[in-house]
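Undergrad: Dropping the structure in here first, questions after.
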Amino acid sequence: MKKRQVRKKLKAKFYVLVSLAILISIGLLIGFKGVDSRVKNDTIEGDKKNITLTKQIIYPTIYITGSGGDVSSVDRLVSRILPVKNVAAKKSIAITANISRNYELKVEGEISKDNRYPLIEFGTVKGTDSGELYSKGMQKAVDYLISHYKVPWINIVGFSSGATGAVYYMIDTATNEKFPPINKYVSLEGEYNKATGLQVGETLADVLVNGPLLKTSMYQYIADGYRKISPKVQMMLLEGDFNTVKQTDSAMPWADGFSIYHLFKENGNEVTMTLYPTKTSHSKAPTNPIVVQYIKNFIYGTP
């Protein structure tokens with residue numbers, strides 16, 4: 001009897017010890033997996049931080065093309081602006097957002113490491129004068145930039161219908177903190193009121209003080225949203241004095257190109273309007289040496 005009891009006790013102790021060993025092993029395995037998981041997570045998080053920390057910092061100026069869609073018009077301007085004296089600014093990439101293919105992006109070229117103030121060209125591929133379509137394409141383009149670079153602010157130069165898109169973009173993104181603030185804006189013979197000229201009895205002075213008598217939906221969108229744009233944005237509106245009698249740059253009436261002047265004056269922006277002498281038609285404005293000098297001086301502070 002005593003032997004049987006001893007055997008039972010030994011078996012019980014054996015089972016207890018085996019059970020404890022199994023539990024300890026499981027615990028160690030779980031512990032190791034947990035540690036491994038944390039290490040992996042820390043590495044991933046660390047990599048993310050490293051990627052963020054190593055993003056190249058750029059202060060780009062985006063040159064928005066006119067209604068033709070391709071970037072050829074602003075490419076002519078960019079090539080004439082360079083070189084920029086005492087500024088690390090170089091031609092870099094051309095971004096197109098195809099408005100007929102759900103704003104499919106195409107990026108050509110590169111931004112070199114020493115290019116702190118890159119000149120970037122933007123187009124819509126298919127031609128348009130729609131501020132809404134320009135704005136959506138621009139948002140895709142800027143989203144690309146901020147995902148690849150650290151962008152504290154941007155400048156914009158809008159040519160012709162590209163100026164429509166520039167102002168629509170500024171309105172549409174003004175309250176979205178993911179988009180960089182606008183530093184400076186140049187309107188080169190911009191369109192804001194569907195190429196609407198002076199009405200009977202209306203003068204350019206009236207437009208500059210009160211805005212246009214005839215307001216199209218294009219203009220009205222700007223009039224309804226301009227207060228969203230920061231008054232810190234510095235602006236220059238350029239119009240060519242191609243025909244003084246008709247008050248036109250050959251395509252855009254001055255009454256249209258300057259139709260937004262009173263809005264941003266009222267908004268508190270530092271805004272200037274300039275009529276420059278020219279024998280160059282609207283489509284050739286980006287090649288005009290006077291235009292080039294105005295933009296270089298305003299954007300880069302250099303001749």
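By order of appearance in the structure tokens: chains A, B, ..., then residues from 1 within every chain, and ligands from 1 in the order shown.
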Fewer than 4 positions away in the same chain doesn't count, so skip those; otherwise give me all residues within 7 Å of range 287-293 of chain A, counting only C-alpha atoms, as JSON, numbers by chain.
TA: {"A": [76, 77, 80, 81, 297, 303]}
Undergrad: Give me, as a ChimeraX atom specification, the residues of range 18-220 of chain A that a backbone DSSP run labels helix (DSSP H, G or I).
TA: /A:18-53,72-81,131-148,161-173,204-210,217-220
Undergrad: Considering only C-alpha atoms, can you say which of A:Glu270, A:Asp172, A:Asp206, A:Asp224 comes closest to Tyr134 in chain A?
TA: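 Of the candidates, the smallest distance to Tyr134 in chain A is held by A:Asp172.
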Undergrad: Return as a CSV table (one decimal) with N, CA and C atoms, in the first residue's frame the full set of residues in range 143-211 of chain A whose backbone-based DSSP assignment is strand (DSSP E or B).
TA:
```
chain,number,residue,atom,x,y,z
A,150,LYS,N,9.8,68.0,-49.1
A,150,LYS,CA,9.3,68.9,-48.0
A,150,LYS,C,9.1,70.2,-48.7
A,154,ILE,N,4.9,77.5,-51.9
A,154,ILE,CA,5.1,77.6,-53.3
A,154,ILE,C,4.7,78.9,-53.9
A,155,ASN,N,5.4,79.2,-55.1
A,155,ASN,CA,5.0,80.4,-55.9
A,155,ASN,C,4.2,79.8,-57.1
A,156,ILE,N,3.4,80.7,-57.7
A,156,ILE,CA,2.7,80.3,-58.9
A,156,ILE,C,2.7,81.4,-59.9
A,157,VAL,N,3.0,81.0,-61.2
A,157,VAL,CA,2.9,81.9,-62.3
A,157,VAL,C,1.8,81.3,-63.2
A,158,GLY,N,0.7,82.0,-63.5
A,158,GLY,CA,-0.3,81.5,-64.3
A,158,GLY,C,-0.4,82.3,-65.6
A,159,PHE,N,-0.3,81.6,-66.7
A,159,PHE,CA,-0.4,82.2,-68.0
A,159,PHE,C,-1.8,82.0,-68.6
A,182,ILE,N,0.6,79.6,-50.3
A,182,ILE,CA,1.2,80.3,-51.5
A,182,ILE,C,1.9,81.5,-51.0
A,183,ASN,N,3.1,81.7,-51.6
A,183,ASN,CA,4.0,82.8,-51.2
A,183,ASN,C,3.7,84.0,-52.1
A,184,LYS,N,3.9,83.8,-53.5
A,184,LYS,CA,3.7,84.8,-54.5
A,184,LYS,C,3.0,84.3,-55.7
A,185,TYR,N,2.2,85.2,-56.3
A,185,TYR,CA,1.4,84.8,-57.5
A,185,TYR,C,1.6,85.8,-58.6
A,186,VAL,N,1.9,85.4,-59.8
A,186,VAL,CA,2.0,86.2,-61.0
A,186,VAL,C,0.9,85.8,-62.0
A,187,SER,N,0.1,86.8,-62.4
A,187,SER,CA,-0.9,86.5,-63.4
A,187,SER,C,-0.3,87.1,-64.7
A,188,LEU,N,0.0,86.3,-65.7
A,188,LEU,CA,0.5,86.8,-67.0
A,188,LEU,C,-0.7,86.8,-68.0
```
Undergrad: With distances taken over only C-alpha atoms, which of A:Ser217, A:Ser112, A:Thr128, A:Ser161 is nearest to Asn98 in chain A?
TA: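 Distance minimum relative to Asn98 in chain A lands on A:Thr128.
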Undergrad: If we count only C-alpha atoms and set the cut-off at 10 Å, which residues sit around Tyr261 in chain A, ignoring sequence neighbours fewer than 2 positions away in its own chain? Please answer as a list in words.
TA: Val207, Leu208, Val209, Asn210, Gly211, Met235, Met236, Leu237, Asp256, Gly257, Phe258, Ser259, Leu263, Phe264, Lys265, Glu266, Asn267, Asn269, Val271, Thr272 and Met273 of chain A
Undergrad: Do a neighbour search on Asp129 in chain A at 10 Å with only C-alpha atoms, toss out local chain neighbours closer than 6 positions, and write the hits as a JSON list (two decimals) with all heavy atoms, in the first residue's frame.
TA:
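Resulting contents of selection_30.json:
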```
[["chain", "number", "residue", "atom", "x", "y", "z"],
["A", 66, "GLY", "N", -1.14, 77.76, -70.57],
["A", 66, "GLY", "CA", -2.42, 78.29, -71.03],
["A", 66, "GLY", "C", -3.35, 77.21, -71.53],
["A", 66, "GLY", "O", -3.15, 76.01, -71.30],
["A", 67, "SER", "N", -4.40, 77.62, -72.24],
["A", 67, "SER", "CA", -5.49, 76.72, -72.61],
["A", 67, "SER", "C", -5.09, 75.63, -73.60],
["A", 67, "SER", "O", -5.88, 74.71, -73.86],
["A", 67, "SER", "CB", -6.66, 77.53, -73.20],
["A", 67, "SER", "OG", -6.23, 78.24, -74.35],
["A", 68, "GLY", "N", -3.90, 75.71, -74.17],
["A", 68, "GLY", "CA", -3.47, 74.67, -75.12],
["A", 68, "GLY", "C", -3.28, 73.31, -74.48],
["A", 68, "GLY", "O", -3.39, 72.28, -75.15],
["A", 69, "GLY", "N", -2.98, 73.29, -73.18],
["A", 69, "GLY", "CA", -2.84, 72.02, -72.46],
["A", 69, "GLY", "C", -1.42, 71.55, -72.26],
["A", 69, "GLY", "O", -1.05, 71.12, -71.17],
["A", 160, "SER", "N", -2.47, 83.09, -69.04],
["A", 160, "SER", "CA", -3.75, 83.03, -69.75],
["A", 160, "SER", "C", -4.78, 82.23, -68.94],
["A", 160, "SER", "O", -5.05, 82.57, -67.79],
["A", 160, "SER", "CB", -3.53, 82.43, -71.15],
["A", 160, "SER", "OG", -4.66, 82.59, -71.96],
["A", 161, "SER", "N", -5.31, 81.15, -69.50],
["A", 161, "SER", "CA", -6.29, 80.33, -68.75],
["A", 161, "SER", "C", -5.66, 79.63, -67.56],
["A", 161, "SER", "O", -6.35, 79.23, -66.62],
["A", 161, "SER", "CB", -6.94, 79.30, -69.68],
["A", 161, "SER", "OG", -7.70, 79.93, -70.67],
["A", 162, "GLY", "N", -4.34, 79.48, -67.61],
["A", 162, "GLY", "CA", -3.64, 78.90, -66.46],
["A", 162, "GLY", "C", -3.76, 79.78, -65.23],
["A", 162, "GLY", "O", -3.69, 79.30, -64.09],
["A", 163, "ALA", "N", -3.98, 81.09, -65.45],
["A", 163, "ALA", "CA", -4.19, 82.01, -64.33],
["A", 163, "ALA", "C", -5.55, 81.75, -63.69],
["A", 163, "ALA", "O", -5.70, 81.86, -62.47],
["A", 163, "ALA", "CB", -4.09, 83.45, -64.83],
["A", 164, "THR", "N", -6.53, 81.42, -64.51],
["A", 164, "THR", "CA", -7.84, 81.04, -63.97],
["A", 164, "THR", "C", -7.66, 79.87, -63.02],
["A", 164, "THR", "O", -8.13, 79.87, -61.88],
["A", 164, "THR", "CB", -8.80, 80.59, -65.10],
["A", 164, "THR", "OG1", -8.69, 81.44, -66.22],
["A", 164, "THR", "CG2", -10.24, 80.54, -64.61],
["A", 165, "GLY", "N", -6.95, 78.85, -63.52],
["A", 165, "GLY", "CA", -6.71, 77.65, -62.72],
["A", 165, "GLY", "C", -5.94, 77.94, -61.46],
["A", 165, "GLY", "O", -6.20, 77.35, -60.41],
["A", 191, "GLU", "N", -6.95, 85.18, -67.48],
["A", 191, "GLU", "CA", -8.38, 85.23, -67.80],
["A", 191, "GLU", "C", -9.19, 84.93, -66.54],
["A", 191, "GLU", "O", -9.00, 83.89, -65.91],
["A", 191, "GLU", "CB", -8.72, 84.19, -68.88],
["A", 191, "GLU", "CG", -10.20, 84.16, -69.24],
["A", 191, "GLU", "CD", -10.53, 83.07, -70.24],
["A", 191, "GLU", "OE1", -9.73, 82.12, -70.39],
["A", 191, "GLU", "OE2", -11.60, 83.16, -70.87],
["A", 192, "TYR", "N", -10.12, 85.82, -66.21],
["A", 192, "TYR", "CA", -10.94, 85.63, -65.00],
["A", 192, "TYR", "C", -12.42, 85.87, -65.25],
["A", 192, "TYR", "O", -13.24, 85.63, -64.36],
["A", 192, "TYR", "CB", -10.46, 86.58, -63.90],
["A", 192, "TYR", "CG", -8.99, 86.43, -63.60],
["A", 192, "TYR", "CD1", -8.06, 87.38, -64.02],
["A", 192, "TYR", "CD2", -8.51, 85.32, -62.91],
["A", 192, "TYR", "CE1", -6.70, 87.23, -63.76],
["A", 192, "TYR", "CE2", -7.16, 85.15, -62.65],
["A", 192, "TYR", "CZ", -6.26, 86.11, -63.08],
["A", 192, "TYR", "OH", -4.91, 85.95, -62.82],
["A", 194, "LYS", "N", -14.05, 85.17, -68.60],
["A", 194, "LYS", "CA", -14.39, 84.65, -69.93],
["A", 194, "LYS", "C", -14.11, 85.65, -71.05],
["A", 194, "LYS", "O", -14.91, 85.82, -71.98],
["A", 194, "LYS", "CB", -15.86, 84.21, -69.97],
["A", 194, "LYS", "CG", -16.14, 82.83, -69.41],
["A", 194, "LYS", "CD", -15.69, 81.76, -70.38],
["A", 194, "LYS", "CE", -16.07, 80.37, -69.90],
["A", 194, "LYS", "NZ", -15.61, 79.33, -70.83],
["A", 218, "MET", "N", -17.42, 82.21, -64.33],
["A", 218, "MET", "CA", -15.98, 82.08, -64.03],
["A", 218, "MET", "C", -15.56, 83.13, -63.01],
["A", 218, "MET", "O", -14.90, 82.82, -62.02],
["A", 218, "MET", "CB", -15.17, 82.24, -65.33],
["A", 218, "MET", "CG", -13.65, 82.18, -65.12],
["A", 218, "MET", "SD", -12.74, 82.57, -66.65],
["A", 218, "MET", "CE", -12.94, 81.03, -67.55]]
```
Undergrad: If you count only C-alpha atoms, which residues fall within 8 Å of Leu119 in chain A, apart from same-chain ones fewer than 4 positions away, as a ChimeraX atom specification?
TA: /A:60-63,78,89-93
Undergrad: Using N, CA, C and O atoms, can you export the residues from the last selection as a PDB file, in the first residue's frame?
TA:
```pdb
ATOM      1  N   PRO A  60       9.367  75.576 -54.595  1.00  0.00           N
ATOM      2  CA  PRO A  60       9.147  75.614 -56.051  1.00  0.00           C
ATOM      3  C   PRO A  60       8.308  76.791 -56.534  1.00  0.00           C
ATOM      4  O   PRO A  60       7.487  77.342 -55.794  1.00  0.00           O
ATOM      5  N   THR A  61       8.527  77.158 -57.781  1.00  0.00           N
ATOM      6  CA  THR A  61       7.619  78.053 -58.497  1.00  0.00           C
ATOM      7  C   THR A  61       6.999  77.231 -59.614  1.00  0.00           C
ATOM      8  O   THR A  61       7.717  76.667 -60.451  1.00  0.00           O
ATOM      9  N   ILE A  62       5.680  77.139 -59.610  1.00  0.00           N
ATOM     10  CA  ILE A  62       4.966  76.338 -60.607  1.00  0.00           C
ATOM     11  C   ILE A  62       4.437  77.261 -61.703  1.00  0.00           C
ATOM     12  O   ILE A  62       3.690  78.211 -61.431  1.00  0.00           O
ATOM     13  N   TYR A  63       4.832  76.971 -62.929  1.00  0.00           N
ATOM     14  CA  TYR A  63       4.424  77.753 -64.095  1.00  0.00           C
ATOM     15  C   TYR A  63       3.299  76.997 -64.797  1.00  0.00           C
ATOM     16  O   TYR A  63       3.515  75.923 -65.365  1.00  0.00           O
ATOM     17  N   VAL A  78      10.143  79.702 -68.948  1.00  0.00           N
ATOM     18  CA  VAL A  78      11.121  79.161 -67.993  1.00  0.00           C
ATOM     19  C   VAL A  78      12.540  79.226 -68.553  1.00  0.00           C
ATOM     20  O   VAL A  78      13.479  79.637 -67.861  1.00  0.00           O
ATOM     21  N   ALA A  89      18.189  78.248 -58.323  1.00  0.00           N
ATOM     22  CA  ALA A  89      16.956  77.937 -59.057  1.00  0.00           C
ATOM     23  C   ALA A  89      17.306  77.388 -60.434  1.00  0.00           C
ATOM     24  O   ALA A  89      18.033  78.027 -61.205  1.00  0.00           O
ATOM     25  N   LYS A  90      16.777  76.197 -60.727  1.00  0.00           N
ATOM     26  CA  LYS A  90      17.030  75.549 -62.013  1.00  0.00           C
ATOM     27  C   LYS A  90      15.748  74.945 -62.561  1.00  0.00           C
ATOM     28  O   LYS A  90      14.808  74.663 -61.807  1.00  0.00           O
ATOM     29  N   LYS A  91      15.736  74.760 -63.872  1.00  0.00           N
ATOM     30  CA  LYS A  91      14.637  74.022 -64.485  1.00  0.00           C
ATOM     31  C   LYS A  91      14.671  72.604 -63.920  1.00  0.00           C
ATOM     32  O   LYS A  91      15.740  72.022 -63.738  1.00  0.00           O
ATOM     33  N   SER A  92      13.500  72.025 -63.651  1.00  0.00           N
ATOM     34  CA  SER A  92      13.504  70.709 -63.012  1.00  0.00           C
ATOM     35  C   SER A  92      12.549  69.739 -63.698  1.00  0.00           C
ATOM     36  O   SER A  92      12.930  69.063 -64.643  1.00  0.00           O
ATOM     37  N   ILE A  93      11.321  69.702 -63.239  1.00  0.00           N
ATOM     38  CA  ILE A  93      10.377  68.717 -63.769  1.00  0.00           C
ATOM     39  C   ILE A  93       9.190  69.391 -64.454  1.00  0.00           C
ATOM     40  O   ILE A  93       8.867  70.539 -64.181  1.00  0.00           O
TER      41      ILE A  93
END
```
Undergrad: Which one is closest to Ile260 in chain A: A:Ala174, A:Val167, A:Val200, A:Ile64? Count only C-alpha atoms.
TA: A:Val167
Undergrad: Here is a test: counting only C-alpha atoms, which residue of A:Thr248, A:Gln139, A:Ser72, A:Asn176 is nearest to Leu204 in chain A?
TA: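 Of A:Thr248, A:Gln139, A:Ser72, A:Asn176, the one nearest Leu204 in chain A, counting only C-alpha atoms, is A:Thr248.
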Undergrad: Can you pull out every residue within 7 Å of Thr280 in chain A, counting only C-alpha atoms, but drop anything in the same chain fewer than 3 positions away, and send it as a ChimeraX atom specification?
TA: /A:242,284-285
Undergrad: Counting only C-alpha atoms, what is within 10 Å of Asp143 in chain A, bar same-chain residues fewer than 6 positions away, as a short mmCIF file (atom, residue, chain, number, x, y, z; two decimals) with C-alpha atoms, in the first residue's frame?
TA:
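And here is the file that came out, result-v7.cif:
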```cif
data_model
loop_
_atom_site.label_atom_id
_atom_site.label_comp_id
_atom_site.auth_asym_id
_atom_site.auth_seq_id
_atom_site.Cartn_x
_atom_site.Cartn_y
_atom_site.Cartn_z
CA GLY A 137 -5.08 68.77 -61.86
CA TYR A 149 9.61 66.54 -50.99
CA LYS A 178 -2.00 69.47 -46.30
CA PHE A 179 -1.35 71.89 -49.16
CA PRO A 180 1.57 74.33 -48.77
#
```
Undergrad: Which is closer to Ile295 in chain A than all the others in A:Lys279, A:Ala205, A:Gln247, A:Thr274, using only C-alpha atoms?
TA: A:Thr274
Undergrad: Please measure the separation of CA of Leu198 in chain A and CA of Ala255 in chain A, giving the value in Å to one decimal.
TA: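 Computed distance, CA of Leu198 in chain A to CA of Ala255 in chain A, equals 6.0 Å.
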Undergrad: Of the candidates A:Trp254, A:Tyr219, A:Phe122, A:Tyr117, which shows the shortest atom-to-atom distance to Trp153 in chain A, using only C-alpha atoms?
TA: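 Counting only C-alpha atoms, the residue closest to Trp153 in chain A is A:Tyr117.
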